[in-house]
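Listing of input.pdb; format and content: PDB, N, CA and C atoms, pLDDT in the B column.
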ATOM      1  N   MET A   3      62.759-264.801 124.285  1.00 88.00           N
ATOM      2  CA  MET A   3      61.935-263.678 124.716  1.00 88.00           C
ATOM      3  C   MET A   3      60.870-263.456 123.641  1.00 88.00           C
ATOM      4  N   ASP A   4      59.603-263.379 124.055  1.00 96.00           N
ATOM      5  CA  ASP A   4      58.542-263.191 123.065  1.00 96.00           C
ATOM      6  C   ASP A   4      58.371-261.711 122.726  1.00 96.00           C
ATOM      7  N   GLN A   5      57.511-261.451 121.732  1.00 96.00           N
ATOM      8  CA  GLN A   5      57.348-260.079 121.250  1.00 96.00           C
ATOM      9  C   GLN A   5      56.846-259.129 122.327  1.00 96.00           C
ATOM     10  N   ALA A   6      55.935-259.590 123.142  1.00 95.00           N
ATOM     11  CA  ALA A   6      55.411-258.718 124.204  1.00 95.00           C
ATOM     12  C   ALA A   6      56.507-258.315 125.184  1.00 95.00           C
ATOM     13  N   GLU A   7      57.366-259.258 125.521  1.00 97.00           N
ATOM     14  CA  GLU A   7      58.471-258.947 126.443  1.00 97.00           C
ATOM     15  C   GLU A   7      59.456-257.980 125.793  1.00 97.00           C
ATOM     16  N   LEU A   8      59.726-258.178 124.498  1.00 97.00           N
ATOM     17  CA  LEU A   8      60.627-257.260 123.800  1.00 97.00           C
ATOM     18  C   LEU A   8      60.027-255.858 123.743  1.00 97.00           C
ATOM     19  N   LEU A   9      58.760-255.766 123.361  1.00 96.00           N
ATOM     20  CA  LEU A   9      58.137-254.445 123.238  1.00 96.00           C
ATOM     21  C   LEU A   9      58.018-253.748 124.592  1.00 96.00           C
ATOM     22  N   ALA A  10      57.960-254.508 125.674  1.00 97.00           N
ATOM     23  CA  ALA A  10      57.909-253.893 127.009  1.00 97.00           C
ATOM     24  C   ALA A  10      59.203-253.155 127.332  1.00 97.00           C
ATOM     25  N   ARG A  11      60.273-253.445 126.610  1.00 98.00           N
ATOM     26  CA  ARG A  11      61.551-252.747 126.811  1.00 98.00           C
ATOM     27  C   ARG A  11      61.517-251.332 126.240  1.00 98.00           C
ATOM     28  N   ILE A  12      60.571-251.057 125.361  1.00 97.00           N
ATOM     29  CA  ILE A  12      60.441-249.720 124.782  1.00 97.00           C
ATOM     30  C   ILE A  12      59.484-248.933 125.662  1.00 97.00           C
ATOM     31  N   THR A  13      59.980-247.839 126.206  1.00 96.00           N
ATOM     32  CA  THR A  13      59.180-247.046 127.140  1.00 96.00           C
ATOM     33  C   THR A  13      58.963-245.643 126.596  1.00 96.00           C
ATOM     34  N   VAL A  14      57.830-245.083 126.970  1.00 95.00           N
ATOM     35  CA  VAL A  14      57.513-243.699 126.618  1.00 95.00           C
ATOM     36  C   VAL A  14      57.124-243.000 127.905  1.00 95.00           C
ATOM     37  N   ASP A  15      57.903-241.999 128.249  1.00 93.00           N
ATOM     38  CA  ASP A  15      57.681-241.252 129.487  1.00 93.00           C
ATOM     39  C   ASP A  15      57.875-239.776 129.159  1.00 93.00           C
ATOM     40  N   PRO A  16      56.871-238.951 129.388  1.00 92.00           N
ATOM     41  CA  PRO A  16      57.003-237.529 129.073  1.00 92.00           C
ATOM     42  C   PRO A  16      58.175-236.851 129.784  1.00 92.00           C
ATOM     43  N   GLU A  17      58.651-237.444 130.873  1.00 91.00           N
ATOM     44  CA  GLU A  17      59.762-236.879 131.631  1.00 91.00           C
ATOM     45  C   GLU A  17      61.126-237.322 131.104  1.00 91.00           C
ATOM     46  N   VAL A  18      61.150-238.255 130.154  1.00 90.00           N
ATOM     47  CA  VAL A  18      62.414-238.778 129.624  1.00 90.00           C
ATOM     48  C   VAL A  18      62.467-238.509 128.127  1.00 90.00           C
ATOM     49  N   ASN A  19      63.484-237.769 127.696  1.00 90.00           N
ATOM     50  CA  ASN A  19      63.697-237.449 126.276  1.00 90.00           C
ATOM     51  C   ASN A  19      62.453-236.880 125.607  1.00 90.00           C
ATOM     52  N   HIS A  20      61.766-236.002 126.311  1.00 92.00           N
ATOM     53  CA  HIS A  20      60.605-235.300 125.759  1.00 92.00           C
ATOM     54  C   HIS A  20      59.528-236.258 125.269  1.00 92.00           C
ATOM     55  N   GLY A  21      59.411-237.416 125.894  1.00 92.00           N
ATOM     56  CA  GLY A  21      58.370-238.360 125.537  1.00 92.00           C
ATOM     57  C   GLY A  21      58.670-239.245 124.341  1.00 92.00           C
ATOM     58  N   GLN A  22      59.887-239.145 123.797  1.00 94.00           N
ATOM     59  CA  GLN A  22      60.255-240.011 122.686  1.00 94.00           C
ATOM     60  C   GLN A  22      60.400-241.445 123.199  1.00 94.00           C
ATOM     61  N   PRO A  23      60.088-242.433 122.352  1.00 96.00           N
ATOM     62  CA  PRO A  23      60.298-243.821 122.763  1.00 96.00           C
ATOM     63  C   PRO A  23      61.777-244.069 123.056  1.00 96.00           C
ATOM     64  N   THR A  24      62.037-244.687 124.199  1.00 96.00           N
ATOM     65  CA  THR A  24      63.405-244.989 124.600  1.00 96.00           C
ATOM     66  C   THR A  24      63.497-246.461 125.016  1.00 96.00           C
ATOM     67  N   VAL A  25      64.706-246.910 125.214  1.00 97.00           N
ATOM     68  CA  VAL A  25      64.939-248.277 125.657  1.00 97.00           C
ATOM     69  C   VAL A  25      65.004-248.304 127.182  1.00 97.00           C
ATOM     70  N   ARG A  26      64.080-249.001 127.781  1.00 96.00           N
ATOM     71  CA  ARG A  26      64.036-249.206 129.234  1.00 96.00           C
ATOM     72  C   ARG A  26      64.224-247.929 130.047  1.00 96.00           C
ATOM     73  N   GLY A  27      63.793-246.804 129.515  1.00 91.00           N
ATOM     74  CA  GLY A  27      63.906-245.547 130.235  1.00 91.00           C
ATOM     75  C   GLY A  27      65.332-245.073 130.433  1.00 91.00           C
ATOM     76  N   LEU A  28      66.269-245.625 129.667  1.00 92.00           N
ATOM     77  CA  LEU A  28      67.687-245.303 129.833  1.00 92.00           C
ATOM     78  C   LEU A  28      68.145-244.074 129.057  1.00 92.00           C
ATOM     79  N   ARG A  29      67.219-243.378 128.460  1.00 90.00           N
ATOM     80  CA  ARG A  29      67.524-242.177 127.670  1.00 90.00           C
ATOM     81  C   ARG A  29      68.251-242.495 126.364  1.00 90.00           C
ATOM     82  N   TYR A  30      68.102-243.722 125.889  1.00 96.00           N
ATOM     83  CA  TYR A  30      68.595-244.091 124.563  1.00 96.00           C
ATOM     84  C   TYR A  30      67.382-244.115 123.641  1.00 96.00           C
ATOM     85  N   PRO A  31      67.192-243.060 122.839  1.00 97.00           N
ATOM     86  CA  PRO A  31      66.019-243.029 121.962  1.00 97.00           C
ATOM     87  C   PRO A  31      66.066-244.142 120.914  1.00 97.00           C
ATOM     88  N   VAL A  32      64.909-244.717 120.658  1.00 97.00           N
ATOM     89  CA  VAL A  32      64.772-245.734 119.619  1.00 97.00           C
ATOM     90  C   VAL A  32      65.308-245.185 118.299  1.00 97.00           C
ATOM     91  N   LYS A  33      64.969-243.946 117.992  1.00 97.00           N
ATOM     92  CA  LYS A  33      65.385-243.319 116.736  1.00 97.00           C
ATOM     93  C   LYS A  33      66.904-243.343 116.571  1.00 97.00           C
ATOM     94  N   VAL A  34      67.624-243.010 117.606  1.00 97.00           N
ATOM     95  CA  VAL A  34      69.087-242.976 117.539  1.00 97.00           C
ATOM     96  C   VAL A  34      69.653-244.372 117.295  1.00 97.00           C
ATOM     97  N   LEU A  35      69.124-245.357 117.985  1.00 98.00           N
ATOM     98  CA  LEU A  35      69.625-246.721 117.802  1.00 98.00           C
ATOM     99  C   LEU A  35      69.313-247.241 116.403  1.00 98.00           C
ATOM    100  N   LEU A  36      68.139-246.898 115.874  1.00 98.00           N
ATOM    101  CA  LEU A  36      67.823-247.284 114.494  1.00 98.00           C
ATOM    102  C   LEU A  36      68.765-246.605 113.507  1.00 98.00           C
ATOM    103  N   GLU A  37      69.078-245.345 113.755  1.00 98.00           N
ATOM    104  CA  GLU A  37      70.020-244.625 112.875  1.00 98.00           C
ATOM    105  C   GLU A  37      71.407-245.264 112.922  1.00 98.00           C
ATOM    106  N   LEU A  38      71.841-245.693 114.099  1.00 98.00           N
ATOM    107  CA  LEU A  38      73.138-246.353 114.206  1.00 98.00           C
ATOM    108  C   LEU A  38      73.147-247.660 113.418  1.00 98.00           C
ATOM    109  N   LEU A  39      72.088-248.440 113.540  1.00 98.00           N
ATOM    110  CA  LEU A  39      72.002-249.686 112.779  1.00 98.00           C
ATOM    111  C   LEU A  39      71.960-249.398 111.276  1.00 98.00           C
ATOM    112  N   ALA A  40      71.193-248.385 110.885  1.00 97.00           N
ATOM    113  CA  ALA A  40      71.078-248.026 109.470  1.00 97.00           C
ATOM    114  C   ALA A  40      72.396-247.498 108.906  1.00 97.00           C
ATOM    115  N   SER A  41      73.221-246.927 109.757  1.00 98.00           N
ATOM    116  CA  SER A  41      74.504-246.380 109.298  1.00 98.00           C
ATOM    117  C   SER A  41      75.523-247.480 109.018  1.00 98.00           C
ATOM    118  N   GLY A  42      75.188-248.710 109.442  1.00 98.00           N
ATOM    119  CA  GLY A  42      76.106-249.811 109.203  1.00 98.00           C
ATOM    120  C   GLY A  42      76.790-250.338 110.447  1.00 98.00           C
ATOM    121  N   MET A  43      76.550-249.714 111.586  1.00 98.00           N
ATOM    122  CA  MET A  43      77.132-250.248 112.822  1.00 98.00           C
ATOM    123  C   MET A  43      76.519-251.609 113.106  1.00 98.00           C
ATOM    124  N   THR A  44      77.331-252.512 113.559  1.00 98.00           N
ATOM    125  CA  THR A  44      76.815-253.825 113.932  1.00 98.00           C
ATOM    126  C   THR A  44      76.240-253.760 115.344  1.00 98.00           C
ATOM    127  N   PRO A  45      75.365-254.685 115.673  1.00 98.00           N
ATOM    128  CA  PRO A  45      74.870-254.719 117.049  1.00 98.00           C
ATOM    129  C   PRO A  45      76.012-254.832 118.060  1.00 98.00           C
ATOM    130  N   GLU A  46      77.038-255.600 117.726  1.00 98.00           N
ATOM    131  CA  GLU A  46      78.174-255.757 118.638  1.00 98.00           C
ATOM    132  C   GLU A  46      78.882-254.424 118.873  1.00 98.00           C
ATOM    133  N   GLU A  47      79.039-253.630 117.814  1.00 98.00           N
ATOM    134  CA  GLU A  47      79.684-252.315 117.958  1.00 98.00           C
ATOM    135  C   GLU A  47      78.833-251.395 118.830  1.00 98.00           C
ATOM    136  N   ILE A  48      77.528-251.419 118.623  1.00 98.00           N
ATOM    137  CA  ILE A  48      76.631-250.567 119.421  1.00 98.00           C
ATOM    138  C   ILE A  48      76.689-250.986 120.882  1.00 98.00           C
ATOM    139  N   LEU A  49      76.632-252.277 121.129  1.00 98.00           N
ATOM    140  CA  LEU A  49      76.673-252.756 122.510  1.00 98.00           C
ATOM    141  C   LEU A  49      78.006-252.429 123.183  1.00 98.00           C
ATOM    142  N   ALA A  50      79.093-252.435 122.413  1.00 98.00           N
ATOM    143  CA  ALA A  50      80.395-252.069 122.972  1.00 98.00           C
ATOM    144  C   ALA A  50      80.442-250.583 123.326  1.00 98.00           C
ATOM    145  N   ASP A  51      79.801-249.747 122.503  1.00 97.00           N
ATOM    146  CA  ASP A  51      79.787-248.304 122.745  1.00 97.00           C
ATOM    147  C   ASP A  51      78.817-247.901 123.857  1.00 97.00           C
ATOM    148  N   TYR A  52      77.777-248.687 124.051  1.00 96.00           N
ATOM    149  CA  TYR A  52      76.742-248.366 125.038  1.00 96.00           C
ATOM    150  C   TYR A  52      76.556-249.566 125.972  1.00 96.00           C
ATOM    151  N   PRO A  53      77.415-249.701 126.975  1.00 96.00           N
ATOM    152  CA  PRO A  53      77.405-250.891 127.835  1.00 96.00           C
ATOM    153  C   PRO A  53      76.117-251.087 128.640  1.00 96.00           C
ATOM    154  N   ASP A  54      75.285-250.054 128.774  1.00 96.00           N
ATOM    155  CA  ASP A  54      74.009-250.210 129.476  1.00 96.00           C
ATOM    156  C   ASP A  54      73.013-251.039 128.671  1.00 96.00           C
ATOM    157  N   LEU A  55      73.233-251.111 127.356  1.00 98.00           N
ATOM    158  CA  LEU A  55      72.297-251.828 126.485  1.00 98.00           C
ATOM    159  C   LEU A  55      72.570-253.318 126.488  1.00 98.00           C
ATOM    160  N   GLU A  56      71.521-254.072 126.208  1.00 98.00           N
ATOM    161  CA  GLU A  56      71.603-255.524 126.104  1.00 98.00           C
ATOM    162  C   GLU A  56      71.179-255.936 124.691  1.00 98.00           C
ATOM    163  N   PRO A  57      71.605-257.098 124.214  1.00 98.00           N
ATOM    164  CA  PRO A  57      71.218-257.529 122.862  1.00 98.00           C
ATOM    165  C   PRO A  57      69.701-257.497 122.645  1.00 98.00           C
ATOM    166  N   GLU A  58      68.934-257.839 123.675  1.00 98.00           N
ATOM    167  CA  GLU A  58      67.477-257.823 123.554  1.00 98.00           C
ATOM    168  C   GLU A  58      66.932-256.417 123.327  1.00 98.00           C
ATOM    169  N   ASP A  59      67.665-255.408 123.794  1.00 98.00           N
ATOM    170  CA  ASP A  59      67.241-254.023 123.557  1.00 98.00           C
ATOM    171  C   ASP A  59      67.254-253.704 122.066  1.00 98.00           C
ATOM    172  N   LEU A  60      68.283-254.162 121.367  1.00 98.00           N
ATOM    173  CA  LEU A  60      68.359-253.900 119.927  1.00 98.00           C
ATOM    174  C   LEU A  60      67.289-254.695 119.188  1.00 98.00           C
ATOM    175  N   GLN A  61      67.005-255.906 119.637  1.00 98.00           N
ATOM    176  CA  GLN A  61      65.900-256.671 119.060  1.00 98.00           C
ATOM    177  C   GLN A  61      64.586-255.920 119.262  1.00 98.00           C
ATOM    178  N   ALA A  62      64.413-255.354 120.439  1.00 98.00           N
ATOM    179  CA  ALA A  62      63.188-254.613 120.752  1.00 98.00           C
ATOM    180  C   ALA A  62      63.043-253.388 119.866  1.00 98.00           C
ATOM    181  N   VAL A  63      64.143-252.690 119.617  1.00 98.00           N
ATOM    182  CA  VAL A  63      64.126-251.510 118.749  1.00 98.00           C
ATOM    183  C   VAL A  63      63.680-251.895 117.339  1.00 98.00           C
ATOM    184  N   LEU A  64      64.226-252.988 116.821  1.00 97.00           N
ATOM    185  CA  LEU A  64      63.860-253.426 115.473  1.00 97.00           C
ATOM    186  C   LEU A  64      62.406-253.889 115.417  1.00 97.00           C
ATOM    187  N   LEU A  65      61.955-254.591 116.433  1.00 97.00           N
ATOM    188  CA  LEU A  65      60.565-255.036 116.473  1.00 97.00           C
ATOM    189  C   LEU A  65      59.634-253.836 116.558  1.00 97.00           C
ATOM    190  N   TYR A  66      59.974-252.851 117.370  1.00 96.00           N
ATOM    191  CA  TYR A  66      59.172-251.638 117.500  1.00 96.00           C
ATOM    192  C   TYR A  66      59.043-250.942 116.146  1.00 96.00           C
ATOM    193  N   ALA A  67      60.152-250.833 115.429  1.00 95.00           N
ATOM    194  CA  ALA A  67      60.124-250.210 114.107  1.00 95.00           C
ATOM    195  C   ALA A  67      59.248-251.016 113.149  1.00 95.00           C
ATOM    196  N   ALA A  68      59.338-252.325 113.209  1.00 94.00           N
ATOM    197  CA  ALA A  68      58.515-253.177 112.350  1.00 94.00           C
ATOM    198  C   ALA A  68      57.031-252.972 112.651  1.00 94.00           C
ATOM    199  N   LYS A  69      56.698-252.840 113.925  1.00 93.00           N
ATOM    200  CA  LYS A  69      55.303-252.605 114.297  1.00 93.00           C
ATOM    201  C   LYS A  69      54.825-251.242 113.807  1.00 93.00           C
ATOM    202  N   LEU A  70      55.701-250.259 113.798  1.00 89.00           N
ATOM    203  CA  LEU A  70      55.310-248.919 113.335  1.00 89.00           C
ATOM    204  C   LEU A  70      54.939-248.909 111.860  1.00 89.00           C
ATOM    205  N   VAL A  71      55.573-249.730 111.047  1.00 86.00           N
ATOM    206  CA  VAL A  71      55.251-249.723 109.616  1.00 86.00           C
ATOM    207  C   VAL A  71      53.952-250.468 109.323  1.00 86.00           C
ATOM    208  N   GLU A  72      53.349-251.081 110.325  1.00 84.00           N
ATOM    209  CA  GLU A  72      52.041-251.692 110.154  1.00 84.00           C
ATOM    210  C   GLU A  72      50.927-250.653 110.143  1.00 84.00           C
ATOM    211  N   VAL A  73      51.266-249.407 110.407  1.00 75.00           N
ATOM    212  CA  VAL A  73      50.280-248.323 110.422  1.00 75.00           C
ATOM    213  C   VAL A  73      49.671-248.200 109.032  1.00 75.00           C
ATOM    214  N   LYS A  74      48.404-247.873 108.967  1.00 71.00           N
ATOM    215  CA  LYS A  74      47.688-247.841 107.693  1.00 71.00           C
ATOM    216  C   LYS A  74      48.092-246.694 106.770  1.00 71.00           C
ATOM    217  N   THR A  75      48.544-245.573 107.315  1.00 70.00           N
ATOM    218  CA  THR A  75      48.930-244.427 106.498  1.00 70.00           C
ATOM    219  C   THR A  75      50.434-244.368 106.366  1.00 70.00           C
ATOM    220  N   VAL A  76      50.910-244.239 105.146  1.00 64.00           N
ATOM    221  CA  VAL A  76      52.342-244.133 104.895  1.00 64.00           C
ATOM    222  C   VAL A  76      52.612-242.783 104.257  1.00 64.00           C
ATOM    223  N   LEU A  77      53.540-242.039 104.823  1.00 67.00           N
ATOM    224  CA  LEU A  77      53.902-240.728 104.303  1.00 67.00           C
ATOM    225  C   LEU A  77      55.280-240.787 103.681  1.00 67.00           C
ATOM    226  N   ARG A  78      55.456-240.103 102.593  1.00 70.00           N
ATOM    227  CA  ARG A  78      56.753-240.033 101.952  1.00 70.00           C
ATOM    228  C   ARG A  78      57.653-239.107 102.759  1.00 70.00           C
ATOM    229  N   VAL A  79      58.898-239.536 103.026  1.00 70.00           N
ATOM    230  CA  VAL A  79      59.798-238.719 103.844  1.00 70.00           C
ATOM    231  C   VAL A  79      60.882-238.048 103.019  1.00 70.00           C
ATOM    232  N   ALA A  80      61.064-238.434 101.801  1.00 64.00           N
ATOM    233  CA  ALA A  80      62.100-237.792 100.976  1.00 64.00           C
ATOM    234  C   ALA A  80      61.657-237.694  99.542  1.00 64.00           C
TER     235      ALA A  80
END

C-alpha cells encoding of this file:
Amino acid sequence: MDQAELLARITVDPEVNHGQPTVRGLRYPVKVLLELLASGMTPEEILADYPDLEPEDLQAVLLYAAKLVEVKTVLRVA
C-alpha cells in the first residue's frame, strides 16, 4: 500500500469526533492510537483490543504523524 492509500485511511469529518482526524471514520481518533503506541502497546495488542482496525490503519496513523512533523513551525509542548 503506498503513502497516498495509507493517508486516505485518515478521515476528518466535522460530524465525527468533533472533526478530529480518525481512522476510516470509525471514531478511533489518530491521537488515541498514537498514545496507545507511545504507551508501549504493540500493534498486535491494539488490533486485538480494537477488532475493527486493520494493520494498515496503524501504519496510516504513524505516517500521518510523520507528515505532521514536516510542518515548518514547531511548538514546545512541555

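Using the PyMOL selection byres (((chain A and resi 63-74 and name CA) around 9) and name CA) on this structure selects Gln5, Leu8, Leu9, Arg11, Ile12, Thr24, Val25, Val32, Lys33, Leu35, Leu36, Glu58, Asp59, Leu60, Gln61, Ala62, Thr75 and Val76 of chain A.
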
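Picture a line from atom C of A:Ala6 to atom CA of A:Arg26; it runs 12.5 Å.
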
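Going from atom CA of A:Pro45 to atom CA of A:His20 covers 25.6 Å.
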
Please report, as lines of an AutoDock Vina configuration file, the centre and edge lengths in Å to one decimal of an axis-aligned box covering all listed atoms of stretch 30-38 of chain A with 3 Å per side.
center_x = 69.0
center_y = -245.3
center_z = 119.4
size_x = 14.4
size_y = 10.7
size_z = 19.0

> What does the distance from atom C of A:Glu56 to atom N of A:Pro16 come to in Å, to one decimal?
Replying inline: 22.7 Å

Name all residues at most 8 Å from A:Ile48 (count all atoms listed in the file; drop same-chain ones fewer than 5 positions away) and give them as a PDB file with N, CA and C atoms, in the frame of the given file.
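Okay, this is what ended up in result.pdb:
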ATOM      1  N   LEU A  38      71.841-245.693 114.099  1.00 98.00           N
ATOM      2  CA  LEU A  38      73.138-246.353 114.206  1.00 98.00           C
ATOM      3  C   LEU A  38      73.147-247.660 113.418  1.00 98.00           C
ATOM      4  N   LEU A  39      72.088-248.440 113.540  1.00 98.00           N
ATOM      5  CA  LEU A  39      72.002-249.686 112.779  1.00 98.00           C
ATOM      6  C   LEU A  39      71.960-249.398 111.276  1.00 98.00           C
ATOM      7  N   MET A  43      76.550-249.714 111.586  1.00 98.00           N
ATOM      8  CA  MET A  43      77.132-250.248 112.822  1.00 98.00           C
ATOM      9  C   MET A  43      76.519-251.609 113.106  1.00 98.00           C
ATOM     10  N   PRO A  53      77.415-249.701 126.975  1.00 96.00           N
ATOM     11  CA  PRO A  53      77.405-250.891 127.835  1.00 96.00           C
ATOM     12  C   PRO A  53      76.117-251.087 128.640  1.00 96.00           C
ATOM     13  N   LEU A  55      73.233-251.111 127.356  1.00 98.00           N
ATOM     14  CA  LEU A  55      72.297-251.828 126.485  1.00 98.00           C
ATOM     15  C   LEU A  55      72.570-253.318 126.488  1.00 98.00           C
TER      16      LEU A  55
END

> How would you write, as a PyMOL selection string, the set of residues in chain A that DSSP gives as strand (DSSP E)?
Replying inline: chain A and resi 12-13+24-25

>> I need the helix (DSSP H, G or I) residues of chain A per DSSP on the backbone, written as a PyMOL selection string.
In response: chain A and resi 5-9+19-21+32-40+45-51+57-70
